[in-house]
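Asker: Here you go, target_36.pdb (PDB, C-alpha atoms):
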ATOM      1  CA  MET A   1      22.705  61.712 -19.003
ATOM      2  CA  SER A   2      24.164  64.118 -21.538
ATOM      3  CA  HIS A   3      22.078  66.340 -23.777
ATOM      4  CA  CYS A   4      23.077  68.276 -26.843
ATOM      5  CA  LEU A   5      20.689  70.874 -28.206
ATOM      6  CA  THR A   6      21.263  73.023 -31.265
ATOM      7  CA  ILE A   7      19.058  76.007 -31.996
ATOM      8  CA  LYS A   8      19.343  77.500 -35.468
ATOM      9  CA  ILE A   9      18.103  81.040 -36.019
ATOM     10  CA  GLN A  10      17.789  82.211 -39.581
ATOM     11  CA  THR A  11      16.617  85.692 -40.495
ATOM     12  CA  ASP A  12      16.358  87.889 -43.569
ATOM     13  CA  PRO A  13      16.760  91.474 -42.301
ATOM     14  CA  VAL A  14      15.871  93.399 -45.431
ATOM     15  CA  ASN A  15      12.694  95.340 -44.635
ATOM     16  CA  ASP A  16      11.980  98.748 -43.082
ATOM     17  CA  ALA A  17      12.324  97.589 -39.459
ATOM     18  CA  PHE A  18      16.070  97.073 -40.065
ATOM     19  CA  THR A  19      16.845 100.353 -41.859
ATOM     20  CA  ASN A  20      18.197 103.690 -40.617
ATOM     21  CA  GLY A  21      20.756 102.130 -38.295
ATOM     22  CA  ASN A  22      18.225  99.856 -36.564
ATOM     23  CA  MET A  23      19.836  96.522 -37.484
ATOM     24  CA  GLY A  24      21.285  95.805 -34.032
ATOM     25  CA  ASN A  25      18.274  97.121 -32.135
ATOM     26  CA  GLU A  26      15.790  95.136 -34.207
ATOM     27  CA  LEU A  27      17.778  91.890 -34.081
ATOM     28  CA  SER A  28      18.138  92.328 -30.322
ATOM     29  CA  ARG A  29      14.388  92.933 -29.926
ATOM     30  CA  ILE A  30      13.578  89.800 -31.950
ATOM     31  CA  LEU A  31      16.019  87.637 -29.955
ATOM     32  CA  ILE A  32      14.779  88.959 -26.596
ATOM     33  CA  LYS A  33      11.181  88.277 -27.596
ATOM     34  CA  TYR A  34      12.141  84.740 -28.660
ATOM     35  CA  ALA A  35      14.153  84.145 -25.475
ATOM     36  CA  ASN A  36      11.227  85.261 -23.326
ATOM     37  CA  SER A  37       8.875  82.953 -25.224
ATOM     38  CA  ILE A  38      10.972  79.847 -24.460
ATOM     39  CA  LYS A  39      11.749  80.447 -20.762
ATOM     40  CA  GLU A  40       9.373  77.729 -19.564
ATOM     41  CA  VAL A  41      10.194  75.073 -22.195
ATOM     42  CA  GLY A  42      10.984  71.708 -20.614
ATOM     43  CA  ASP A  43      12.530  68.475 -21.859
ATOM     44  CA  SER A  44       9.174  67.082 -22.927
ATOM     45  CA  ASP A  45       8.136  70.055 -25.056
ATOM     46  CA  LEU A  46      11.230  70.926 -27.097
ATOM     47  CA  PHE A  47       8.966  71.397 -30.137
ATOM     48  CA  ALA A  48       8.053  74.743 -28.546
ATOM     49  CA  LEU A  49      11.552  75.979 -29.442
ATOM     50  CA  ASP A  50      10.484  76.099 -33.102
ATOM     51  CA  SER A  51       9.033  79.500 -33.885
ATOM     52  CA  LYS A  52       8.571  82.036 -36.634
ATOM     53  CA  LEU A  53      10.340  85.333 -35.950
ATOM     54  CA  TYR A  54       8.656  88.653 -36.652
ATOM     55  CA  ASP A  55       9.955  92.201 -36.962
ATOM     56  CA  TYR A  56       8.569  95.253 -35.176
ATOM     57  CA  ASN A  57       5.968  95.728 -37.914
ATOM     58  CA  GLY A  58       4.712  92.131 -37.598
ATOM     59  CA  ALA A  59       6.292  90.938 -40.824
ATOM     60  CA  PRO A  60       7.851  87.452 -40.728
ATOM     61  CA  VAL A  61      11.638  87.764 -40.987
ATOM     62  CA  GLY A  62      12.868  84.297 -40.129
ATOM     63  CA  ARG A  63      12.525  81.311 -37.842
ATOM     64  CA  ALA A  64      14.171  79.512 -34.975
ATOM     65  CA  GLU A  65      14.278  75.715 -34.944
ATOM     66  CA  HIS A  66      15.894  73.078 -32.781
ATOM     67  CA  LYS A  67      17.704  69.927 -33.814
TER      68      LYS A  67
END
Would you mind writing the file out in C-alpha cells?
Answerer:
Amino acid sequence: MSHCLTIKIQTDPVNDAFTNGNMGNELSRILIKYANSIKEVGDSDLFALDSKLYDYNGAPVGRAEHK
C-alpha cells in the first residue's frame, strides 16, 4: 500500500521574534517544536498534524496542515 502525505507550513515572520538576525533561529525553533509535537502521530490520527504555529513570544505566526 502506497501513501502520499503533504504537509504545508505557512508562516508570516514579521514580528519582533524574527528581528535582529533571528529569522533562522526562530524558524528553526518553531519547526523543531512542531516536529516534536508530531512524533507519535499514527495513520489513524493524521488530523493531529494540523497545528497553529507560535513564535517565541506566544504570538501566532502561521500553521501547518496536511493534505
Asker: Might you spell out which residues the PyMOL selection byres ((chain A and resi 65) around 10) would select in the displayed file, as a list in words?
Answerer: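 Here the PyMOL selection byres ((chain A and resi 65) around 10) matches Thr6, Ile7, Lys8, Ile9, Gln10, Leu46, Phe47, Ala48, Leu49, Asp50, Ser51, Lys52, Arg63, Ala64, His66 and Lys67 of chain A.
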Asker: For A:Glu26, find every residue with an atom within 12 Å (counting all atoms listed in the file), except residues of its own chain fewer than 5 positions away, and show them as a ChimeraX atom specification.
Answerer: /A:11-21,31-33,53-58,61
Asker: Give me, please, the distance in Å between atom CA of A:Ala59 and atom CA of A:Gly24, quoted to one decimal.
Answerer: 17.2 Å
Asker: If you take every atom of stretch 12-25 of chain A that the file lists and fit an axis-aligned box around them with 3 Å extra on each side, what centre and edge lengths come out in Å to one decimal, as lines of an AutoDock Vina configuration file?
Answerer:
center_x = 16.6
center_y = 95.8
center_z = -38.8
size_x = 15.3
size_y = 21.8
size_z = 19.3
Asker: What does the structure give for the distance between atom CA of A:Gly42 and atom CA of A:Ile30, in Å to one decimal?
Answerer: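 So the answer is 21.5 Å.
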Asker: Between A:Leu27, A:Ser37, A:Cys4, A:Asn22, which residue has the minimum interatomic distance to A:Gly62, considering only C-alpha atoms?
Answerer: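 Once distances to A:Gly62 are computed over only C-alpha atoms, the minimum belongs to A:Leu27.
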